[in-house]
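A.B. asks: final33.cif is reproduced below (mmCIF, C-alpha atoms).
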data_target
#
loop_
_atom_site.label_atom_id
_atom_site.label_comp_id
_atom_site.auth_asym_id
_atom_site.auth_seq_id
_atom_site.Cartn_x
_atom_site.Cartn_y
_atom_site.Cartn_z
CA MET A 1 0.00 0.00 0.00
CA PRO A 2 1.54 3.41 -0.89
CA ARG A 3 2.68 5.43 2.06
CA GLY A 4 -0.01 7.82 3.16
CA GLY A 5 -2.72 5.81 1.36
CA ARG A 6 -6.10 5.29 2.95
CA ALA A 7 -8.40 2.33 2.95
CA ALA A 8 -11.73 2.91 1.25
CA GLY A 9 -14.09 4.45 3.71
CA ASP A 10 -11.42 6.25 5.82
CA THR A 11 -12.72 9.64 4.77
CA ALA A 12 -16.34 8.89 3.86
CA ARG A 13 -16.97 6.90 7.04
CA GLY A 14 -15.00 9.09 9.34
CA ARG A 15 -11.46 8.05 10.06
CA GLU A 16 -10.58 9.05 13.58
CA ALA A 17 -6.82 8.76 13.71
CA VAL A 18 -5.30 8.70 17.13
CA ALA A 19 -1.58 9.07 17.48
CA GLY A 20 -0.80 6.66 20.26
CA ALA A 21 2.37 5.24 21.66
CA MET A 22 4.15 4.12 24.74
CA PRO A 23 4.15 7.26 26.91
CA ALA A 24 7.33 9.32 27.07
CA PRO A 25 10.15 8.72 27.26
CA SER A 26 9.62 6.94 23.95
CA PRO A 27 12.32 4.65 22.51
CA GLY A 28 12.99 4.31 18.82
CA PRO A 29 10.66 2.30 16.55
CA ARG A 30 12.77 -0.88 16.94
CA GLU A 31 13.09 -0.49 20.72
CA VAL A 32 9.51 -0.02 21.83
CA LEU A 33 9.64 -3.28 23.78
CA ALA A 34 12.01 -3.71 26.67
CA SER A 35 14.93 -5.86 25.54
CA SER A 36 14.97 -7.85 28.79
CA PRO A 37 12.86 -8.34 31.94
CA GLU A 38 15.34 -6.20 33.84
CA ALA A 39 15.07 -3.39 31.32
CA GLY A 40 11.30 -3.60 31.41
CA SER A 41 11.29 -3.39 35.20
CA ARG A 42 13.54 -0.35 35.19
CA ALA A 43 11.28 1.35 32.66
CA ALA A 44 8.19 0.58 34.71
CA ALA A 45 9.72 2.00 37.86
CA ALA A 46 10.68 5.20 36.09
CA GLY A 47 7.22 6.25 34.86
CA SER A 48 3.90 7.40 36.22
CA SER A 49 1.18 4.89 37.15
CA SER A 50 -0.30 4.71 33.66
CA ARG A 51 3.15 4.73 32.08
CA GLY A 52 4.25 1.97 34.44
CA LEU A 53 1.21 -0.11 33.50
CA LEU A 54 2.17 -0.03 29.84
CA TRP A 55 5.80 -0.85 30.53
CA HIS A 56 4.71 -3.67 32.82
CA LEU A 57 2.71 -5.01 29.90
CA GLN A 58 5.82 -4.91 27.74
CA ASP A 59 7.70 -6.95 30.29
CA LYS A 60 5.14 -9.79 30.22
CA ARG A 61 5.28 -12.65 27.76
CA LEU A 62 2.35 -13.10 25.42
CA ARG A 63 0.90 -16.53 26.01
CA LEU A 64 0.39 -19.03 23.19
CA GLY A 65 -2.17 -21.29 24.81
CA LEU A 66 -0.13 -22.05 27.90
CA PHE A 67 3.14 -21.41 26.10
CA GLU A 68 5.10 -18.16 25.96
CA ILE A 69 6.55 -16.14 23.14
CA ASP A 70 9.62 -13.95 23.48
CA PRO A 71 8.81 -10.28 24.15
CA GLY A 72 10.95 -9.29 21.17
CA HIS A 73 8.70 -11.22 18.77
CA GLU A 74 6.89 -9.10 16.16
CA LEU A 75 3.47 -10.32 17.36
CA HIS A 76 4.21 -9.25 20.93
CA GLN A 77 5.25 -5.80 19.73
CA MET A 78 2.14 -5.45 17.59
CA THR A 79 -0.30 -6.45 20.33
CA CYS A 80 1.35 -4.18 22.88
CA MET A 81 0.88 -1.29 20.48
CA MET A 82 -2.69 -2.28 19.70
CA GLN A 83 -3.48 -2.27 23.42
CA ALA A 84 -1.70 1.00 24.05
CA GLY A 85 -3.36 2.59 21.03
CA LEU A 86 -6.87 1.53 22.01
CA TRP A 87 -6.14 2.81 25.51
CA ALA A 88 -4.78 6.09 24.15
CA ALA A 89 -7.83 6.57 21.92
CA THR A 90 -9.94 7.24 25.00
CA GLN A 91 -7.35 8.29 27.59
CA VAL A 92 -5.20 10.83 25.75
CA SER A 93 -5.18 14.11 27.65
CA MET A 94 -2.82 16.95 28.48
CA ASP A 95 -1.32 14.70 31.15
CA HIS A 96 -0.57 11.92 28.66
CA PRO A 97 0.27 13.58 25.32
CA PRO A 98 0.68 11.26 22.31
CA THR A 99 4.13 10.68 20.90
CA GLN A 100 5.30 9.56 17.49
CA GLY A 101 5.83 5.82 18.12
CA PHE A 102 2.79 4.66 16.19
CA GLU A 103 -0.59 5.74 14.90
CA LEU A 104 -3.89 3.99 15.51
CA GLY A 105 -6.74 4.66 13.08
CA THR A 106 -10.41 3.96 13.71
CA LEU A 107 -12.51 3.24 10.61
CA ALA A 108 -16.28 3.83 10.57
CA GLY A 109 -16.06 4.65 14.27
CA PRO A 110 -19.57 6.15 14.72
CA ALA A 111 -21.24 3.20 12.98
CA PHE A 112 -19.49 0.65 15.16
CA ALA A 113 -20.14 2.71 18.30
CA ARG A 114 -23.88 2.60 17.51
CA LEU A 115 -23.66 -1.14 16.89
CA ARG A 116 -21.93 -1.70 20.23
CA ARG A 117 -24.59 0.34 22.01
CA SER A 118 -27.34 -1.68 20.33
CA LEU A 119 -25.74 -4.81 21.81
CA GLY A 120 -25.74 -3.27 25.27
CA LEU A 121 -21.95 -3.08 25.33
CA ALA A 122 -20.79 -0.14 27.42
CA ASP A 123 -17.77 1.78 26.13
CA GLU A 124 -16.13 1.38 29.53
CA ASP A 125 -16.35 -2.42 29.37
CA TYR A 126 -15.09 -2.46 25.79
CA GLN A 127 -12.12 -0.24 26.60
CA ALA A 128 -11.28 -2.13 29.79
CA ALA A 129 -11.17 -5.49 28.01
CA LEU A 130 -9.04 -4.22 25.13
CA GLY A 131 -6.77 -1.88 27.09
CA PRO A 132 -3.51 -2.68 28.89
CA GLY A 133 -5.07 -4.50 31.84
CA GLY A 134 -3.43 -7.76 30.76
CA PRO A 135 -1.72 -9.33 27.73
CA TYR A 136 -3.65 -10.40 24.68
CA LEU A 137 -3.73 -14.14 24.19
CA GLN A 138 -2.64 -15.49 20.84
CA PHE A 139 -5.19 -17.87 19.37
CA LEU A 140 -3.70 -20.97 17.76
CA SER A 141 -5.45 -21.32 14.42
CA THR A 142 -5.23 -23.94 11.70
CA SER A 143 -6.37 -21.37 9.14
CA LYS A 144 -4.55 -21.34 5.80
CA SER A 145 -4.61 -17.54 5.76
CA LYS A 146 -1.68 -15.51 7.03
CA ALA A 147 -3.88 -13.67 9.52
CA SER A 148 -2.96 -13.44 13.19
CA PHE A 149 -5.64 -14.12 15.80
CA PHE A 150 -5.84 -12.81 19.35
CA LEU A 151 -8.21 -12.78 22.30
CA SER A 152 -8.57 -9.99 24.82
CA HIS A 153 -7.19 -10.91 28.23
CA ASP A 154 -10.71 -11.75 29.47
CA GLN A 155 -11.32 -13.81 26.27
CA ARG A 156 -14.49 -11.82 25.57
CA PHE A 157 -13.31 -10.18 22.35
CA PHE A 158 -11.61 -11.66 19.33
CA LEU A 159 -9.09 -9.72 17.23
CA LYS A 160 -7.96 -10.70 13.76
CA THR A 161 -5.58 -9.03 11.34
CA GLN A 162 -7.09 -8.41 7.90
CA ARG A 163 -5.81 -7.51 4.47
CA ARG A 164 -6.60 -4.05 3.17
CA ARG A 165 -8.89 -5.47 0.49
CA GLU A 166 -10.92 -7.37 3.11
CA VAL A 167 -11.34 -4.20 5.15
CA GLN A 168 -12.58 -2.37 2.08
CA VAL A 169 -15.15 -5.11 1.46
CA LEU A 170 -16.29 -5.03 5.08
CA LEU A 171 -16.76 -1.26 5.09
CA ALA A 172 -18.57 -1.32 1.75
CA HIS A 173 -21.11 -3.82 3.10
CA LEU A 174 -21.32 -2.40 6.63
CA PRO A 175 -24.71 -0.65 6.10
CA ARG A 176 -26.28 -3.88 4.83
CA TYR A 177 -24.71 -5.86 7.66
CA VAL A 178 -26.20 -3.48 10.23
CA GLN A 179 -29.56 -3.62 8.45
CA HIS A 180 -29.52 -7.43 8.53
CA LEU A 181 -28.88 -7.43 12.28
CA GLN A 182 -31.75 -4.98 12.77
CA ARG A 183 -34.07 -7.25 10.81
CA HIS A 184 -32.81 -10.40 12.53
CA PRO A 185 -31.57 -9.46 16.02
CA HIS A 186 -30.79 -13.09 16.86
CA SER A 187 -28.69 -13.66 13.76
CA LEU A 188 -25.81 -16.14 13.99
CA LEU A 189 -23.46 -13.68 12.26
CA ALA A 190 -20.47 -12.70 14.39
CA ARG A 191 -20.95 -9.26 15.96
CA LEU A 192 -18.28 -6.94 14.54
CA LEU A 193 -17.38 -4.23 17.04
CA GLY A 194 -14.62 -2.20 15.43
CA VAL A 195 -12.11 -1.90 12.59
CA HIS A 196 -8.73 -0.29 13.17
CA SER A 197 -5.45 0.36 11.42
CA LEU A 198 -2.02 0.43 13.01
CA ARG A 199 1.10 2.00 11.57
CA VAL A 200 4.38 1.69 13.45
CA ALA A 201 6.66 4.66 12.78
CA GLN A 202 6.91 4.81 8.98
CA GLY A 203 6.17 1.13 8.47
CA LYS A 204 3.39 -0.57 6.56
CA LYS A 205 -0.13 -0.07 7.85
CA LYS A 206 -1.79 -3.15 9.36
CA TYR A 207 -5.54 -3.60 9.76
CA PHE A 208 -7.43 -5.58 12.37
CA ILE A 209 -11.04 -6.17 13.27
CA ILE A 210 -12.57 -6.70 16.70
CA MET A 211 -15.60 -8.92 17.25
CA GLN A 212 -17.38 -10.68 20.05
CA SER A 213 -15.84 -14.09 20.63
CA VAL A 214 -18.29 -16.86 19.82
CA PHE A 215 -16.54 -19.10 22.36
CA PHE A 216 -17.25 -16.98 25.45
CA PRO A 217 -17.32 -17.71 28.33
CA ALA A 218 -14.84 -20.48 27.63
CA GLY A 219 -14.33 -21.96 31.08
CA ARG A 220 -16.44 -25.12 30.64
CA ILE A 221 -16.22 -25.62 26.87
CA SER A 222 -15.07 -29.16 26.09
CA GLU A 223 -14.89 -29.21 22.26
CA ARG A 224 -14.57 -26.56 19.55
CA TYR A 225 -15.11 -26.93 15.80
CA ASP A 226 -14.72 -24.82 12.66
CA ILE A 227 -17.21 -26.14 10.08
CA LYS A 228 -17.28 -25.42 6.35
CA GLY A 229 -19.38 -28.36 5.20
CA CYS A 230 -16.65 -30.01 3.11
CA GLU A 231 -13.94 -32.70 3.27
CA VAL A 232 -10.67 -31.56 1.69
CA SER A 233 -8.18 -30.28 4.28
CA ARG A 234 -10.83 -30.51 6.98
CA TRP A 235 -9.08 -32.78 9.48
CA VAL A 236 -6.91 -31.72 12.41
CA ASP A 237 -4.81 -34.18 14.40
CA PRO A 238 -6.23 -33.90 17.91
CA ALA A 239 -3.88 -32.80 20.67
CA PRO A 240 -2.65 -35.56 22.97
CA GLU A 241 -4.86 -36.28 25.96
CA GLY A 242 -4.00 -33.96 28.81
CA SER A 243 -2.38 -31.37 26.50
CA PRO A 244 -2.87 -27.74 27.59
CA ILE A 245 -3.41 -26.67 23.96
CA VAL A 246 -6.95 -25.46 23.22
CA GLN A 247 -7.66 -26.78 19.75
CA VAL A 248 -10.31 -25.95 17.18
CA LEU A 249 -11.14 -29.07 15.17
CA LYS A 250 -12.72 -29.34 11.72
CA ASP A 251 -15.45 -31.09 9.75
CA LEU A 252 -13.95 -34.57 9.58
CA ASN A 253 -13.25 -34.50 13.32
CA PHE A 254 -16.98 -33.94 13.84
CA GLU A 255 -18.01 -37.26 12.26
CA GLY A 256 -20.35 -39.26 14.48
CA LYS A 257 -21.38 -36.26 16.57
CA THR A 258 -24.77 -34.55 16.72
CA ILE A 259 -25.98 -31.15 17.91
CA ASN A 260 -29.09 -31.92 19.96
CA LEU A 261 -31.04 -28.66 20.10
CA GLY A 262 -34.41 -30.10 21.00
CA PRO A 263 -37.23 -27.60 20.32
CA GLN A 264 -34.74 -24.94 19.16
CA ARG A 265 -33.63 -26.93 16.12
CA SER A 266 -36.24 -25.33 13.84
CA TRP A 267 -35.11 -21.86 14.94
CA PHE A 268 -31.47 -22.71 14.24
CA LEU A 269 -32.08 -24.16 10.78
CA ARG A 270 -34.21 -21.19 9.78
CA GLN A 271 -31.59 -18.75 11.02
CA MET A 272 -28.91 -20.57 9.07
CA GLU A 273 -31.04 -20.13 5.95
CA LEU A 274 -31.54 -16.41 6.61
CA ASP A 275 -27.89 -15.68 7.36
CA THR A 276 -26.38 -17.71 4.54
CA ALA A 277 -28.89 -16.18 2.10
CA PHE A 278 -27.65 -12.74 3.19
CA LEU A 279 -24.01 -13.75 2.65
CA ARG A 280 -24.91 -15.25 -0.72
CA GLU A 281 -26.42 -11.92 -1.79
CA LEU A 282 -23.13 -10.23 -0.87
CA ASN A 283 -21.23 -12.78 -3.03
CA MET A 284 -19.43 -14.18 0.05
CA THR A 285 -17.98 -17.65 0.39
CA ASP A 286 -15.58 -19.65 2.59
CA TYR A 287 -17.09 -18.48 5.90
CA SER A 288 -17.28 -20.88 8.85
CA LEU A 289 -19.85 -22.07 11.34
CA LEU A 290 -18.18 -22.23 14.74
CA VAL A 291 -19.55 -24.88 17.09
CA ALA A 292 -18.60 -25.60 20.69
CA PHE A 293 -19.98 -28.01 23.30
CA GLN A 294 -20.46 -27.45 27.02
CA GLN A 295 -22.12 -29.99 29.29
CA LEU A 296 -25.02 -28.53 31.27
CA HIS A 297 -25.10 -29.04 35.01
CA GLU A 298 -28.10 -30.89 36.41
CA ASP A 299 -29.66 -27.69 37.75
CA GLU A 300 -29.29 -26.06 34.31
CA LYS A 301 -31.09 -28.74 32.31
CA GLY A 302 -34.64 -28.29 31.10
CA LEU A 303 -34.93 -24.60 31.97
CA GLY A 304 -36.19 -23.75 28.50
CA SER A 305 -37.85 -26.99 27.46
CA SER A 306 -41.40 -25.71 27.89
CA LEU A 307 -40.86 -22.19 26.52
CA ILE A 308 -41.86 -20.80 23.15
CA PHE A 309 -38.57 -19.73 21.65
CA ARG A 310 -39.81 -17.29 19.05
CA THR A 311 -40.80 -14.61 21.49
CA VAL A 312 -40.77 -10.86 21.89
CA ARG A 313 -39.58 -11.06 25.45
CA SER A 314 -35.88 -11.03 24.76
CA VAL A 315 -35.81 -8.18 22.23
CA ARG A 316 -36.88 -4.60 22.66
CA GLY A 317 -39.08 -2.75 20.25
CA ILE A 318 -41.28 -5.54 18.88
CA GLN A 319 -44.82 -6.03 20.12
CA SER A 320 -46.34 -8.40 17.60
CA PRO A 321 -45.77 -12.18 17.93
CA GLU A 322 -46.28 -12.48 14.18
CA GLU A 323 -43.55 -9.94 13.55
CA SER A 324 -41.31 -11.68 16.05
CA GLY A 325 -41.82 -15.01 14.31
CA ALA A 326 -41.03 -13.44 10.94
CA GLN A 327 -37.74 -12.23 12.37
CA ASN A 328 -37.04 -15.70 13.78
CA ARG A 329 -36.45 -14.60 17.34
CA ARG A 330 -36.02 -16.83 20.34
CA LEU A 331 -35.88 -16.53 24.09
CA LEU A 332 -32.24 -15.83 24.89
CA PRO A 333 -30.61 -17.63 27.81
CA ASP A 334 -29.64 -15.69 30.90
CA ALA A 335 -25.92 -15.90 30.17
CA PRO A 336 -23.07 -13.76 28.85
CA ASN A 337 -22.81 -13.83 25.06
CA ALA A 338 -26.44 -15.03 24.84
CA LEU A 339 -26.71 -14.32 21.10
CA HIS A 340 -24.25 -17.13 20.37
CA ILE A 341 -25.54 -19.60 22.98
CA VAL A 342 -28.28 -22.18 22.38
CA ASP A 343 -29.21 -24.65 25.12
CA GLY A 344 -30.28 -28.17 24.24
CA PRO A 345 -31.63 -30.79 26.65
CA GLU A 346 -28.17 -31.93 27.79
CA GLN A 347 -25.61 -29.59 26.23
CA ARG A 348 -25.03 -25.87 25.83
CA TYR A 349 -23.90 -24.99 22.31
CA PHE A 350 -21.91 -21.97 21.17
CA LEU A 351 -22.81 -21.22 17.54
CA GLY A 352 -21.77 -18.42 15.19
CA LEU A 353 -20.85 -17.60 11.61
CA VAL A 354 -17.41 -15.98 11.17
CA ASP A 355 -14.97 -14.93 8.42
CA LEU A 356 -17.61 -12.95 6.58
CA VAL A 357 -15.54 -10.96 4.07
CA THR A 358 -14.23 -13.51 1.54
CA VAL A 359 -15.57 -12.47 -1.85
CA TYR A 360 -16.04 -15.08 -4.58
CA GLY A 361 -13.76 -13.23 -6.96
CA LEU A 362 -11.07 -14.28 -9.41
CA HIS A 363 -8.81 -15.85 -6.76
CA LYS A 364 -11.58 -18.04 -5.35
CA ARG A 365 -12.80 -18.94 -8.83
CA LEU A 366 -9.31 -20.19 -9.68
CA GLU A 367 -9.24 -22.16 -6.42
CA HIS A 368 -12.59 -23.66 -7.40
CA LEU A 369 -11.21 -24.68 -10.79
CA CYS A 370 -8.16 -26.30 -9.19
CA GLY A 371 -10.37 -28.10 -6.69
CA THR A 372 -12.59 -29.41 -9.48
CA LEU A 373 -9.56 -30.88 -11.25
CA CYS A 374 -7.70 -32.21 -8.22
CA CYS A 375 -10.40 -33.27 -5.74
CA LEU A 376 -12.56 -35.57 -7.83
CA GLY A 377 -15.43 -36.96 -5.79
CA ARG A 378 -14.57 -34.94 -2.67
CA THR A 379 -16.10 -31.68 -1.48
CA PHE A 380 -13.79 -28.70 -1.06
CA SER A 381 -14.16 -25.19 0.32
CA PRO A 382 -13.93 -22.73 -2.64
CA VAL A 383 -17.32 -22.98 -4.37
CA SER A 384 -19.85 -20.41 -5.54
CA PRO A 385 -21.77 -18.47 -2.86
CA ALA A 386 -25.05 -20.23 -3.73
CA CYS A 387 -23.47 -23.68 -3.51
CA TYR A 388 -21.59 -22.78 -0.34
CA ALA A 389 -24.71 -21.50 1.44
CA ARG A 390 -26.75 -24.53 0.41
CA ARG A 391 -24.03 -26.97 1.46
CA LEU A 392 -23.55 -25.42 4.91
CA CYS A 393 -27.30 -25.44 5.55
CA GLN A 394 -27.41 -29.10 4.51
CA TRP A 395 -24.60 -29.85 6.94
CA ALA A 396 -26.55 -28.12 9.73
CA GLU A 397 -29.68 -30.11 8.96
CA ALA A 398 -27.79 -33.42 8.80
CA HIS A 399 -25.94 -32.87 12.09
CA THR A 400 -28.74 -31.54 14.31
CA GLU A 401 -31.71 -33.15 16.01
#
Represent the structure contained in this file as structure tokens.
C.D. replies:
Amino acid sequence: MPRGGRAAGDTARGREAVAGAMPAPSPGPREVLASSPEAGSRAAAAGSSSRGLLWHLQDKRLRLGLFEIDPGHELHQMTCMMQAGLWAATQVSMDHPPTQGFELGTLAGPAFARLRRSLGLADEDYQAALGPGGPYLQFLSTSKSKASFFLSHDQRFFLKTQRRREVQVLLAHLPRYVQHLQRHPHSLLARLLGVHSLRVAQGKKKYFIIMQSVFFPAGRISERYDIKGCEVSRWVDPAPEGSPIVQVLKDLNFEGKTINLGPQRSWFLRQMELDTAFLRELNMTDYSLLVAFQQLHEDEKGLGSSLIFRTVRSVRGIQSPEESGAQNRRLLPDAPNALHIVDGPEQRYFLGLVDLVTVYGLHKRLEHLCGTLCCLGRTFSPVSPACYARRLCQWAEAHTE
């Protein structure tokens, strides 16, 4: 991307650039992170309370599952700056003037702020989870893309680096995405909460999105899956028993399993139809249905078995049961992240559609051609939006009861 260039939508959608950095004294662009624990400790002791908090963050090691990565690693540097930048975006004052270490940009800020408010997410909670209260956790992904994935320290929010083209697509379709969520408040689509850019010194600008994590709260989740409804490259070797690695498995690992939704199955299948039809209209493909299992405790079972799930009770602003049914609403559970949680008779399921900005363009068409020639008789991911939507809905119908 040419230096000084802007992603589409920066100006039209209101780019709110915030120059943010490690508070003064600021090291050079290659020395933003302390080079050793001792250096980090000295830096922390030298600053004010907020300055010390940021330097203390630098001194920590970013966890990979339960593993650690060296503080000098590029990913550690990037996440420290992302945290400091998001903190600076709301905390910059005369007492903490910005320096020139890096620049954080906010794209379509007002639109995402309205979306967060509609979800009942207070700015204070959002800032606290993404700020320097603790290190981001790197998410181990089996994705073929070169994106990096992170979780906020409370695991409530998911961060993913994106290519400039993907950000342009997202911003171009943002009004329709918001409109779809207004029409279908209980949609399975991942809730996007913000899009930002990060430029370190004079380096290349990086983009990242922030969304609600589908797998939250994660404490009792036993299994996680990324489903595309196909076979090729859809197996992951499970981690050894007792391994601390939290793994996301794929379609072929799911064989022999069933999602038992009980009376909510009809709601789920209808919502899959509505959401995949929307993505088909946007010419999107290669998105995933995330699925996770959590065993219900005895005192949690059967709480919703006698309830009518298409109800107005859990959504404001709708009075008519007919209108509620048309929008495919359900009674949400009394739990954090309720939009992505569906309780069955025995299990709690975490369900959500993610990776929503892959356009079926020339690159994917060429992948489809290669798959047609090389994967005879086997289903593969890159197919047309209509075929992809139909196949994922068929998978959902075949694997639920």
A.B. asks: Using all atoms listed in the file, pick whichever of A:Val195, A:Ile210, A:Leu290, A:Cys393 has the shortest atom-to-atom distance to Tyr225 in chain A.
C.D. replies: A:Leu290
A.B. asks: Measuring atom to atom with all atoms listed in the file, identify which of A:Gly352, A:Gly131, A:Gly194, A:Gly120 is nearest to Tyr207 in chain A.
C.D. replies: A:Gly194
A.B. asks: On this structure, which residues satisfy the PyMOL selection byres ((chain A and resi 384) around 8), written as a JSON list (two decimals) with C-alpha atoms, in the frame of the given file?
C.D. replies:
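Printed below is expr-v4.json as written:
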[["chain", "number", "residue", "atom", "x", "y", "z"],
["A", 285, "THR", "CA", -17.98, -17.65, 0.39],
["A", 360, "TYR", "CA", -16.04, -15.08, -4.58],
["A", 365, "ARG", "CA", -12.80, -18.94, -8.83],
["A", 382, "PRO", "CA", -13.93, -22.73, -2.64],
["A", 383, "VAL", "CA", -17.32, -22.98, -4.37],
["A", 385, "PRO", "CA", -21.77, -18.47, -2.86],
["A", 386, "ALA", "CA", -25.05, -20.23, -3.73],
["A", 387, "CYS", "CA", -23.47, -23.68, -3.51],
["A", 388, "TYR", "CA", -21.59, -22.78, -0.34]]
A.B. asks: Exactly which residues make up the result of the PyMOL selection byres ((chain A and resi 227-235) around 8) on this file, given as number ranges by chain?
C.D. replies: A: 225-226, 236-237, 249-253, 286-291, 375, 378-381, 391-392, 395
A.B. asks: Considering only C-alpha atoms, can you say which of A:Pro185, A:Pro217, A:Pro110, A:Pro175 comes closest to Arg329 in chain A?
C.D. replies: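 Smallest separation from Arg329 in chain A among the options: A:Pro185.
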A.B. asks: Can you work out which one of A:Arg390, A:Phe102, A:His340, A:Glu397 has the shortest atom-to-atom distance to Arg199 in chain A, counting all atoms listed in the file?
C.D. replies: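 Going through A:Arg390, A:Phe102, A:His340, A:Glu397 one by one, the smallest distance to Arg199 in chain A is for A:Phe102.
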A.B. asks: Kindly give the distance, in Å, that separates CA of Thr276 in chain A and CA of Leu193 in chain A, rounded to a single decimal.
C.D. replies: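 Going from CA of Thr276 in chain A over to CA of Leu193 in chain A, I get 20.5 Å.
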